[in-house]
Structures are given as structure tokens and as C-alpha cells.
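The file structure_39.txt comes next; it holds compact mmCIF, C-alpha atoms and all ligand atoms.
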```txt
# COMPACT_ATOMS: atom_id res chain seq x y z
CA MET V 1 -11.19 -14.51 31.30
CA ALA V 2 -8.39 -16.65 29.93
CA GLU V 3 -10.21 -19.90 30.70
CA LEU V 4 -13.19 -18.74 28.61
CA ARG V 5 -11.10 -18.18 25.51
CA ARG V 6 -11.41 -20.80 22.84
CA SER V 7 -9.43 -20.78 19.62
CA PRO V 8 -11.49 -21.46 16.48
CA LEU V 9 -8.96 -24.24 15.77
CA GLU V 10 -9.31 -25.96 19.14
CA GLY V 11 -9.69 -29.66 18.40
CA VAL V 12 -8.80 -29.27 14.71
CA ALA V 13 -5.95 -31.60 13.69
CA LEU V 14 -3.27 -29.53 11.91
CA GLY V 15 -0.78 -31.09 9.51
CA ASP V 16 2.99 -30.64 9.72
CA GLY V 17 4.59 -27.46 8.43
CA PHE V 18 2.33 -24.92 10.10
CA ARG V 19 0.83 -24.14 13.47
CA GLU V 20 -1.70 -21.85 15.04
CA VAL V 21 -0.49 -18.83 16.98
CA PRO V 22 -3.74 -18.18 18.84
CA PHE V 23 -4.97 -15.11 20.71
CA LEU V 24 -2.52 -12.53 19.35
CA SER V 25 -3.55 -9.03 20.42
CA GLN V 26 -4.78 -6.96 17.51
CA ILE V 27 -5.73 -3.31 17.58
CA ASP V 28 -7.15 -1.59 14.55
CA LEU V 29 -5.98 2.02 14.31
CA ARG V 30 -7.48 4.65 12.03
CA LEU V 31 -6.16 8.15 11.67
CA ASN V 32 -5.14 10.63 9.03
CA PRO V 33 -1.35 10.24 8.71
CA ALA V 34 -1.12 13.93 7.70
CA ASP V 35 -2.48 14.84 11.16
CA GLU V 36 0.87 15.30 12.90
CA GLY V 37 -0.66 15.65 16.36
CA ALA V 38 -2.57 12.37 16.12
CA ARG V 39 0.25 10.53 14.40
CA GLY V 40 2.82 11.79 16.91
CA ALA V 41 0.68 10.69 19.84
CA VAL V 42 0.08 7.24 18.38
CA GLU V 43 3.71 6.80 17.36
CA SER V 44 4.91 7.74 20.85
CA VAL V 45 3.13 4.59 22.02
CA VAL V 46 3.56 2.07 19.20
CA GLY V 47 6.51 3.43 17.22
CA PRO V 48 6.57 4.67 13.61
CA LEU V 49 3.60 3.68 11.44
CA PRO V 50 4.48 2.08 8.10
CA LEU V 51 3.29 4.55 5.45
CA VAL V 52 4.23 2.47 2.41
CA PRO V 53 1.24 0.32 1.38
CA ASN V 54 1.40 -3.35 2.39
CA THR V 55 4.48 -3.06 4.58
CA VAL V 56 5.12 -3.99 8.22
CA HIS V 57 7.19 -2.46 10.99
CA GLY V 58 8.33 -4.94 13.64
CA GLY V 59 8.38 -8.72 13.67
CA HIS V 60 7.30 -11.85 15.54
CA ASP V 61 6.50 -10.31 18.90
CA ALA V 62 5.16 -6.88 18.04
CA ALA V 63 4.34 -5.37 14.69
CA ILE V 64 2.32 -2.73 12.86
CA LEU V 65 0.78 -3.72 9.54
CA TRP V 66 -0.40 -1.25 6.88
CA LEU V 67 -4.04 -2.01 6.07
CA GLY V 68 -5.01 1.17 4.24
CA PRO V 69 -3.92 4.77 3.69
CA ASP V 70 -5.51 5.66 7.05
CA GLU V 71 -5.62 2.25 8.74
CA TRP V 72 -3.14 0.02 10.55
CA LEU V 73 -3.22 -3.19 12.57
CA VAL V 74 -1.08 -3.30 15.70
CA VAL V 75 -0.22 -6.91 16.58
CA GLY V 76 1.16 -7.91 19.97
CA PRO V 77 1.45 -10.84 22.35
CA PRO V 78 -1.71 -12.46 23.77
CA GLY V 79 -3.30 -10.45 26.55
CA SER V 80 -1.63 -7.14 25.73
CA ALA V 81 -4.53 -5.45 23.90
CA ALA V 82 -6.36 -3.90 26.85
CA ASP V 83 -3.24 -2.21 28.23
CA LEU V 84 -2.17 -0.99 24.81
CA GLU V 85 -5.64 0.35 24.08
CA ARG V 86 -5.73 2.24 27.38
CA GLN V 87 -2.25 3.64 26.78
CA LEU V 88 -3.23 4.82 23.30
CA ARG V 89 -6.46 6.40 24.56
CA ASP V 90 -4.70 8.21 27.40
CA THR V 91 -1.94 9.50 25.14
CA ILE V 92 -4.37 10.73 22.49
CA ALA V 93 -6.62 12.34 25.10
CA ALA V 94 -3.59 14.24 26.42
CA ALA V 95 -2.51 15.39 22.95
CA THR V 96 -4.47 18.61 22.50
CA ASP V 97 -3.38 18.96 18.86
CA ALA V 98 -4.56 15.49 17.83
CA GLY V 99 -7.49 15.10 15.45
CA PRO V 100 -9.79 12.08 15.47
CA VAL V 101 -8.31 8.60 15.99
CA ALA V 102 -10.24 5.32 16.07
CA ILE V 103 -8.86 2.55 18.27
CA VAL V 104 -10.65 -0.79 18.21
CA ASP V 105 -9.60 -4.02 19.88
CA VAL V 106 -10.10 -6.59 17.11
CA SER V 107 -8.14 -9.41 18.74
CA ALA V 108 -11.05 -11.84 18.37
CA ASN V 109 -11.56 -10.92 14.72
CA ARG V 110 -8.80 -13.18 13.40
CA THR V 111 -6.63 -16.06 14.48
CA THR V 112 -3.15 -16.61 13.10
CA LEU V 113 -1.59 -19.50 11.22
CA GLU V 114 2.19 -19.56 10.94
CA LEU V 115 3.53 -21.40 7.92
CA ASP V 116 7.11 -22.49 8.41
CA HIS V 117 7.99 -24.92 5.64
CA PRO V 118 10.84 -25.01 3.10
CA ASP V 119 8.26 -24.98 0.28
CA ALA V 120 6.07 -22.33 1.89
CA ARG V 121 6.24 -20.06 -1.14
CA ALA V 122 5.10 -22.74 -3.57
CA ILE V 123 2.41 -23.97 -1.18
CA LEU V 124 0.86 -20.52 -0.90
CA ALA V 125 1.25 -19.85 -4.61
CA GLY V 126 -1.12 -22.77 -5.18
CA GLY V 127 -3.97 -20.73 -3.74
CA CYS V 128 -2.91 -17.12 -3.86
CA SER V 129 -2.60 -14.69 -6.78
CA ILE V 130 -0.03 -12.41 -5.10
CA ASP V 131 3.45 -12.55 -6.62
CA LEU V 132 5.44 -14.11 -3.78
CA HIS V 133 8.80 -14.04 -5.55
CA PRO V 134 11.39 -12.45 -3.19
CA ARG V 135 11.84 -9.50 -5.55
CA ALA V 136 8.13 -8.67 -5.16
CA PHE V 137 7.24 -9.86 -1.65
CA GLY V 138 9.80 -10.33 1.11
CA PRO V 139 10.19 -10.02 4.87
CA GLY V 140 8.31 -7.03 6.20
CA ARG V 141 5.65 -7.22 3.52
CA CYS V 142 1.98 -7.87 4.11
CA ALA V 143 -1.08 -8.06 1.87
CA GLN V 144 -4.77 -8.35 2.37
CA THR V 145 -5.72 -10.88 -0.24
CA LEU V 146 -7.33 -14.28 -0.84
CA VAL V 147 -5.71 -17.63 -0.10
CA ALA V 148 -7.78 -20.55 -1.33
CA ARG V 149 -10.56 -17.96 -1.77
CA ALA V 150 -10.55 -17.14 1.96
CA GLY V 151 -9.81 -13.55 2.93
CA VAL V 152 -6.52 -13.28 4.83
CA ILE V 153 -3.84 -10.87 5.84
CA LEU V 154 -0.71 -12.50 4.49
CA TRP V 155 2.48 -11.40 6.23
CA GLN V 156 6.03 -12.56 5.55
CA LEU V 157 8.12 -12.62 8.73
CA ASP V 158 11.59 -13.62 7.55
CA ASP V 159 13.71 -15.00 4.72
CA ALA V 160 13.08 -18.68 5.63
CA PRO V 161 10.40 -17.81 4.43
CA THR V 162 8.00 -17.88 7.37
CA TYR V 163 4.53 -16.54 6.66
CA ARG V 164 1.66 -15.62 8.91
CA LEU V 165 -1.90 -15.83 7.72
CA LEU V 166 -4.40 -13.88 9.79
CA VAL V 167 -7.81 -15.33 9.11
CA ARG V 168 -11.38 -14.88 10.35
CA PRO V 169 -12.46 -17.52 12.91
CA SER V 170 -15.18 -18.88 10.64
CA PHE V 171 -12.65 -19.50 7.86
CA ALA V 172 -9.83 -20.77 10.09
CA ALA V 173 -10.69 -24.48 10.07
CA TYR V 174 -11.25 -24.42 6.31
CA LEU V 175 -7.92 -22.68 5.69
CA ALA V 176 -6.12 -25.05 8.07
CA GLU V 177 -7.57 -28.02 6.23
CA TRP V 178 -6.60 -26.49 2.89
CA LEU V 179 -3.02 -26.00 4.13
CA THR V 180 -2.86 -29.53 5.55
CA ASP V 181 -3.89 -30.78 2.13
CA ALA V 182 -1.56 -28.47 0.21
CA ILE V 183 1.60 -29.24 2.19
CA PRO V 184 3.43 -32.20 0.65
CA ASP V 185 4.11 -35.20 2.95
CA MET O 1 -8.62 -12.91 -15.63
CA LEU O 2 -8.00 -9.19 -15.44
CA LEU O 3 -5.23 -7.53 -13.52
CA ILE O 4 -6.73 -4.41 -11.97
CA THR O 5 -4.44 -1.75 -10.54
CA CYS O 6 -5.48 -0.60 -7.07
CA PRO O 7 -4.10 2.92 -6.51
CA HIS O 8 -2.76 1.76 -3.15
CA CYS O 9 -1.85 -1.93 -3.55
CA GLY O 10 -0.85 -2.04 -7.21
CA PRO O 11 -1.91 -4.74 -9.69
CA ARG O 12 -4.14 -7.42 -8.18
CA ASP O 13 -6.30 -10.21 -9.51
CA GLU O 14 -9.80 -9.26 -10.61
CA VAL O 15 -11.42 -11.54 -7.96
CA GLU O 16 -10.27 -9.15 -5.24
CA PHE O 17 -12.43 -6.34 -6.63
CA ARG O 18 -16.10 -5.43 -6.78
CA TYR O 19 -17.73 -3.17 -9.32
CA GLY O 20 -19.45 0.06 -8.31
CA GLY O 21 -21.00 1.31 -11.55
CA GLN O 22 -20.54 4.60 -13.33
CA ALA O 23 -18.22 7.14 -11.72
CA GLY O 24 -19.02 10.79 -11.26
CA VAL O 25 -22.78 10.46 -10.71
CA ALA O 26 -23.43 13.46 -8.46
CA SER O 27 -26.01 13.23 -5.68
CA PRO O 28 -28.85 15.69 -6.23
CA ALA O 29 -28.10 18.93 -4.37
CA ASP O 30 -31.71 19.24 -3.25
CA PRO O 31 -33.34 15.76 -3.21
CA GLU O 32 -36.61 17.14 -1.81
CA ALA O 33 -37.09 19.18 -4.95
CA LEU O 34 -36.93 16.22 -7.34
CA ASP O 35 -40.04 14.82 -8.98
CA ASP O 36 -40.34 11.04 -9.33
CA ALA O 37 -39.09 10.90 -12.90
CA THR O 38 -35.97 12.91 -12.11
CA TRP O 39 -35.34 10.82 -8.98
CA ALA O 40 -35.72 7.58 -10.99
CA ARG O 41 -33.33 8.93 -13.58
CA TYR O 42 -30.75 9.64 -10.85
CA VAL O 43 -31.17 6.23 -9.16
CA PHE O 44 -31.49 3.91 -12.15
CA PHE O 45 -30.20 5.50 -15.35
CA ARG O 46 -26.55 5.14 -16.31
CA ASP O 47 -24.50 5.64 -19.45
CA ASN O 48 -23.74 2.51 -21.41
CA PRO O 49 -20.97 3.52 -23.79
CA LYS O 50 -19.17 1.35 -26.28
CA GLY O 51 -15.60 2.31 -25.43
CA PRO O 52 -13.97 4.13 -22.49
CA PHE O 53 -16.15 4.29 -19.37
CA ALA O 54 -15.27 5.94 -16.03
CA GLU O 55 -16.21 3.53 -13.26
CA ARG O 56 -16.12 3.05 -9.50
CA TRP O 57 -14.29 -0.02 -8.20
CA VAL O 58 -13.56 -1.21 -4.67
CA HIS O 59 -10.59 -3.35 -3.65
CA ALA O 60 -12.93 -5.51 -1.59
CA ALA O 61 -10.58 -8.35 -0.62
CA GLY O 62 -7.61 -6.02 -0.20
CA CYS O 63 -7.36 -2.52 1.26
CA ARG O 64 -11.17 -2.03 0.94
CA ARG O 65 -10.80 1.40 -0.66
CA TRP O 66 -12.91 2.80 -3.49
CA PHE O 67 -11.32 4.35 -6.55
CA ASP O 68 -12.15 5.55 -10.05
CA ALA O 69 -10.87 3.79 -13.13
CA VAL O 70 -11.48 4.04 -16.86
CA ARG O 71 -12.22 0.77 -18.62
CA ASP O 72 -12.81 0.19 -22.32
CA THR O 73 -16.09 -1.73 -22.45
CA VAL O 74 -15.13 -3.27 -25.80
CA THR O 75 -11.66 -4.61 -24.97
CA ASN O 76 -12.10 -4.82 -21.16
CA GLN O 77 -8.78 -2.99 -20.85
CA PHE O 78 -8.19 -0.53 -18.04
CA LEU O 79 -6.97 2.63 -19.72
CA ASP O 80 -5.55 4.76 -16.92
CA PRO O 81 -2.27 3.30 -15.66
CA GLU O 82 -2.67 5.26 -12.40
CA PRO O 83 -6.30 5.06 -11.29
CA ARG O 84 -7.53 7.95 -9.19
CA ARG O 85 -7.91 7.51 -5.44
ZN ZN C 1 -5.91 -1.96 -2.51
```
Written form, C-alpha cells:
Amino acid sequence: MAELRRSPLEGVALGDGFREVPFLSQIDLRLNPADEGARGAVESVVGPLPLVPNTVHGGHDAAILWLGPDEWLVVGPPGSAADLERQLRDTIAAATDAGPVAIVDVSANRTTLELDHPDARAILAGGCSIDLHPRAFGPGRCAQTLVARAGVILWQLDDAPTYRLLVRPSFAAYLAEWLTDAIPD
Amino acid sequence: MLLITCPHCGPRDEVEFRYGGQAGVASPADPEALDDATWARYVFFRDNPKGPFAERWVHAAGCRRWFDAVRDTVTNQFLDPEPRR
């Protein structure tokens, strides 16, 4: 199937300071975190779920992002979603004390832009109302918000600061062009 | 611009939210039993106070959760510091 995949940014000229990280695996998980059976089963596969709103467990290669009080996004390397989904389904099926869990492969729902620029904070602040000051938003934080009026999941990876912006395919070219324009020469 | 406090995400810009009308409007227990006038009243009629008003809001561009908040319709100020989930 790999040869059929096409990134929404294929053929789009990107400016310096950011790049696309295409085809990351993304699995949307929904469960009641108070359901210890379900949570235990899921966590035995993916590790502890972040329970604090808008926080992330993990980093570049594998991470879990808080999306809601009963919703998380598991992000992994390209091509890993099918295996992870199967593993989750098998584990939950075997857990007799687990309540309902929804597992949906949403890898094609968003592509990822990685902004790695010394002025990244100021560049984003030009189009985003989230307080990005390190005391309010640092590594391991994420937020579903608007950047240049496009819906994104904004995720700070490290202190550099490096940010990831997970964006819908139909908004990806627009957001890439906005970033190209916003990043100083 | 208003800062609206999402019970999950904290204070966020107003553009991330959508309005859901009056809070606490109960669905009729027995819809079949309603005559047209009562049904119309349930569907279309809402309070329109000058002052505090309990409302439904959704954090549409954020966590996508609905919550209740109390807003003063005169000053546009949100009155409850901790909106209900
Ligand atoms: Zn929220």
C-alpha cells in the first residue's frame, strides 16, 4: 500500500525552518479513565495515559496526547498503526473486566508539520492565541487550538523549542504556506 | 475578545467556542403526549434575561466538550470561575 500513499503536501514547496513529518501512525482511543479494567488493558500496551488535560507522555518516536477527559491520541512511527490496533483489540478482548473502549485508526486524518526554528515561539504567537511562554506551555504540552484560524493539535516536543502541528489534510497546504510566510528570512 | 474558561483546558480565546443556548432545558419526559403548542414552546422558547444567564457552550476548536457556564448578558462577563462540566 505504501506506493499508494500521498502526503497532502506532496509537491508543495516548504520554506526553511519547518518540515513535514508525513504518515505518522495515529490511533484515537476513547475510554472512561475510571474504568480500571479498560485503562489497565490499554496501558499494558501503550503505557500510562496522560490524565492531566493537554499533556503528552512520550516524545518524537512514540507519544500519547490528551485530547479530552475520555480521549487520547496515540502517535507512532509510519506503518505501525495496524499492528498497534490489533494488539490493543486483542488485549482488550482478553480483559474480562474491561468496559467499552473505542479504537480508531485516524492516521490519515492529519499530517504533521515540525517547526524547528529559533524564533518558533514568536512565529506561532503571530497566529495562535495560546500562551506559549515557557511557564505556561513547555515540552510535553499539547493543545487543540487554532493556528492562523486552522484547527491544529499543537504539541511542544522539547526546549529548543520544537513544535509539531498536526493538521487536517485539506488545511495542510494553507498552513504550510502561512508558516513559510511567517518565518523570517 | 472574551476569554472563556473551558472546565478542562482552562482560559481560551472566544473564537474556539460555539454557543449552545440556554442551559437546563429538559427534554419532555413523554414527547408523544405533547400538543403542538407545548412542543413549540419546548423547541423555540427560551428565557432572555437581562443579567446572569445559564448557558451551554462547546469548546469546538479545543477538547470538543460541552459545559455549562453563567454569563451576564449585560456585561458579557462569565460569572462562574469554575464552569460545570
Ligand atoms: Zn476544552
Selection as a list in words: residues within 9 Å of ligand ZN 1 (chain C) by all atoms listed in the file: Pro53, Asn54, Leu67, Gly68, Ala143 and Gln144 of chain V; Thr5, Cys6, Pro7, His8, Cys9, Gly10, Pro11, Arg12, Glu16, Phe17, Val58, His59, Ala60, Ala61, Gly62, Cys63, Arg64, Arg65 and Trp66 of chain O
Counting only C-alpha atoms, the option among V:Glu114, V:Asp90, V:Asp70, V:Asp119 closest to V:Pro22: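 Answer, going by the shortest atom-to-atom distance: V:Glu114.
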Do you have, as a Markdown table, the list of residues of chain V lying at most 10 Å from chain O, each with its nearest atom pair and that distance in Å to one decimal, counting all atoms listed in the file and ordered by chain then number?
```
| residue | atom | partner | partner_atom | distance |
| --- | --- | --- | --- | --- |
| V:Val52 | CA | O:His8 | CA | 9.0 |
| V:Pro53 | CA | O:His8 | CA | 6.2 |
| V:Asn54 | CA | O:Cys9 | CA | 6.9 |
| V:Trp66 | CA | O:Cys63 | CA | 9.0 |
| V:Leu67 | CA | O:Cys63 | CA | 5.9 |
| V:Gly68 | CA | O:Cys63 | CA | 5.3 |
| V:Pro69 | CA | O:His8 | CA | 7.6 |
| V:Glu71 | CA | O:Cys63 | CA | 9.0 |
| V:Cys128 | CA | O:Asp13 | CA | 9.5 |
| V:Ser129 | CA | O:Asp13 | CA | 6.4 |
| V:Ile130 | CA | O:Arg12 | CA | 7.2 |
| V:Asp131 | CA | O:Arg12 | CA | 9.3 |
| V:Ala143 | CA | O:Gly62 | CA | 7.1 |
| V:Gln144 | CA | O:Gly62 | CA | 4.5 |
| V:Thr145 | CA | O:Gly62 | CA | 5.2 |
| V:Leu146 | CA | O:Ala61 | CA | 6.8 |
| V:Arg149 | CA | O:Val15 | CA | 9.0 |
| V:Ala150 | CA | O:Ala61 | CA | 9.2 |
| V:Gly151 | CA | O:Ala61 | CA | 6.3 |
| V:Val152 | CA | O:Ala61 | CA | 8.4 |
| V:Ile153 | CA | O:Gly62 | CA | 8.6 |
```
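Note that atom CA of V:Phe18 and atom CA of V:His117 are 7.2 Å apart.
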Two-atom distance - atom CA of O:Trp57, atom CA of O:Ala26 (Å):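 It comes out at 16.3 Å.
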Just give me the gap between atom CA of V:Ala82 and atom CA of V:Ser25 in Å, one decimal is fine.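 Computing the Euclidean distance for atom CA of V:Ala82 and atom CA of V:Ser25 yields 8.7 Å.
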Hey, can you pull every residue with an atom no more than 10 Å from (1.8, -30.9, 0.9), using all atoms listed in the file, and send it as a count of residues only? 16
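Compared by their closest atoms to V:Val101, and using only C-alpha atoms, the residues V:Val42, V:Leu49, V:Leu166, V:Ala81 rank with V:Val42 nearest.
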Which residue is closest to O:Val70? Choose from O:Ala37, O:Leu2, O:Ala29, O:Ala23 and count all atoms listed in the file. O:Ala23
Spatial neighbours of V:Val56, max dist 12 Å, all atoms listed in the file, sep filter under 4 positions, as number ranges by chain: V: 47-52, 60, 62-67, 72-75, 137-143, 153-158
What would the file look like if the residues just selected were written as a PDB file, in the frame of the given file with C-alpha atoms?
```pdb
ATOM      1  CA  GLY V  47       6.510   3.430  17.220  1.00  0.00           C
ATOM      2  CA  PRO V  48       6.570   4.670  13.610  1.00  0.00           C
ATOM      3  CA  LEU V  49       3.600   3.680  11.440  1.00  0.00           C
ATOM      4  CA  PRO V  50       4.480   2.080   8.100  1.00  0.00           C
ATOM      5  CA  LEU V  51       3.290   4.550   5.450  1.00  0.00           C
ATOM      6  CA  VAL V  52       4.230   2.470   2.410  1.00  0.00           C
ATOM      7  CA  HIS V  60       7.300 -11.850  15.540  1.00  0.00           C
ATOM      8  CA  ALA V  62       5.160  -6.880  18.040  1.00  0.00           C
ATOM      9  CA  ALA V  63       4.340  -5.370  14.690  1.00  0.00           C
ATOM     10  CA  ILE V  64       2.320  -2.730  12.860  1.00  0.00           C
ATOM     11  CA  LEU V  65       0.780  -3.720   9.540  1.00  0.00           C
ATOM     12  CA  TRP V  66      -0.400  -1.250   6.880  1.00  0.00           C
ATOM     13  CA  LEU V  67      -4.040  -2.010   6.070  1.00  0.00           C
ATOM     14  CA  TRP V  72      -3.140   0.020  10.550  1.00  0.00           C
ATOM     15  CA  LEU V  73      -3.220  -3.190  12.570  1.00  0.00           C
ATOM     16  CA  VAL V  74      -1.080  -3.300  15.700  1.00  0.00           C
ATOM     17  CA  VAL V  75      -0.220  -6.910  16.580  1.00  0.00           C
ATOM     18  CA  PHE V 137       7.240  -9.860  -1.650  1.00  0.00           C
ATOM     19  CA  GLY V 138       9.800 -10.330   1.110  1.00  0.00           C
ATOM     20  CA  PRO V 139      10.190 -10.020   4.870  1.00  0.00           C
ATOM     21  CA  GLY V 140       8.310  -7.030   6.200  1.00  0.00           C
ATOM     22  CA  ARG V 141       5.650  -7.220   3.520  1.00  0.00           C
ATOM     23  CA  CYS V 142       1.980  -7.870   4.110  1.00  0.00           C
ATOM     24  CA  ALA V 143      -1.080  -8.060   1.870  1.00  0.00           C
ATOM     25  CA  ILE V 153      -3.840 -10.870   5.840  1.00  0.00           C
ATOM     26  CA  LEU V 154      -0.710 -12.500   4.490  1.00  0.00           C
ATOM     27  CA  TRP V 155       2.480 -11.400   6.230  1.00  0.00           C
ATOM     28  CA  GLN V 156       6.030 -12.560   5.550  1.00  0.00           C
ATOM     29  CA  LEU V 157       8.120 -12.620   8.730  1.00  0.00           C
ATOM     30  CA  ASP V 158      11.590 -13.620   7.550  1.00  0.00           C
TER      31      ASP V 158
END
```
Within 10 Å of O:Arg56 using all atoms listed in the file, minus same-chain residues under 2 positions, as an NGL selection string: :O and (18-24 or 53-54 or 58 or 66-70 or 84)
Those residues with C-alpha atoms, as a CSV table (one decimal), in the coordinates of the input please?
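Wrote result_22.csv, looks like this:
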```
chain,number,residue,atom,x,y,z
O,18,ARG,CA,-16.1,-5.4,-6.8
O,19,TYR,CA,-17.7,-3.2,-9.3
O,20,GLY,CA,-19.4,0.1,-8.3
O,21,GLY,CA,-21.0,1.3,-11.6
O,22,GLN,CA,-20.5,4.6,-13.3
O,23,ALA,CA,-18.2,7.1,-11.7
O,24,GLY,CA,-19.0,10.8,-11.3
O,53,PHE,CA,-16.2,4.3,-19.4
O,54,ALA,CA,-15.3,5.9,-16.0
O,58,VAL,CA,-13.6,-1.2,-4.7
O,66,TRP,CA,-12.9,2.8,-3.5
O,67,PHE,CA,-11.3,4.4,-6.6
O,68,ASP,CA,-12.2,5.6,-10.0
O,69,ALA,CA,-10.9,3.8,-13.1
O,70,VAL,CA,-11.5,4.0,-16.9
O,84,ARG,CA,-7.5,8.0,-9.2
```
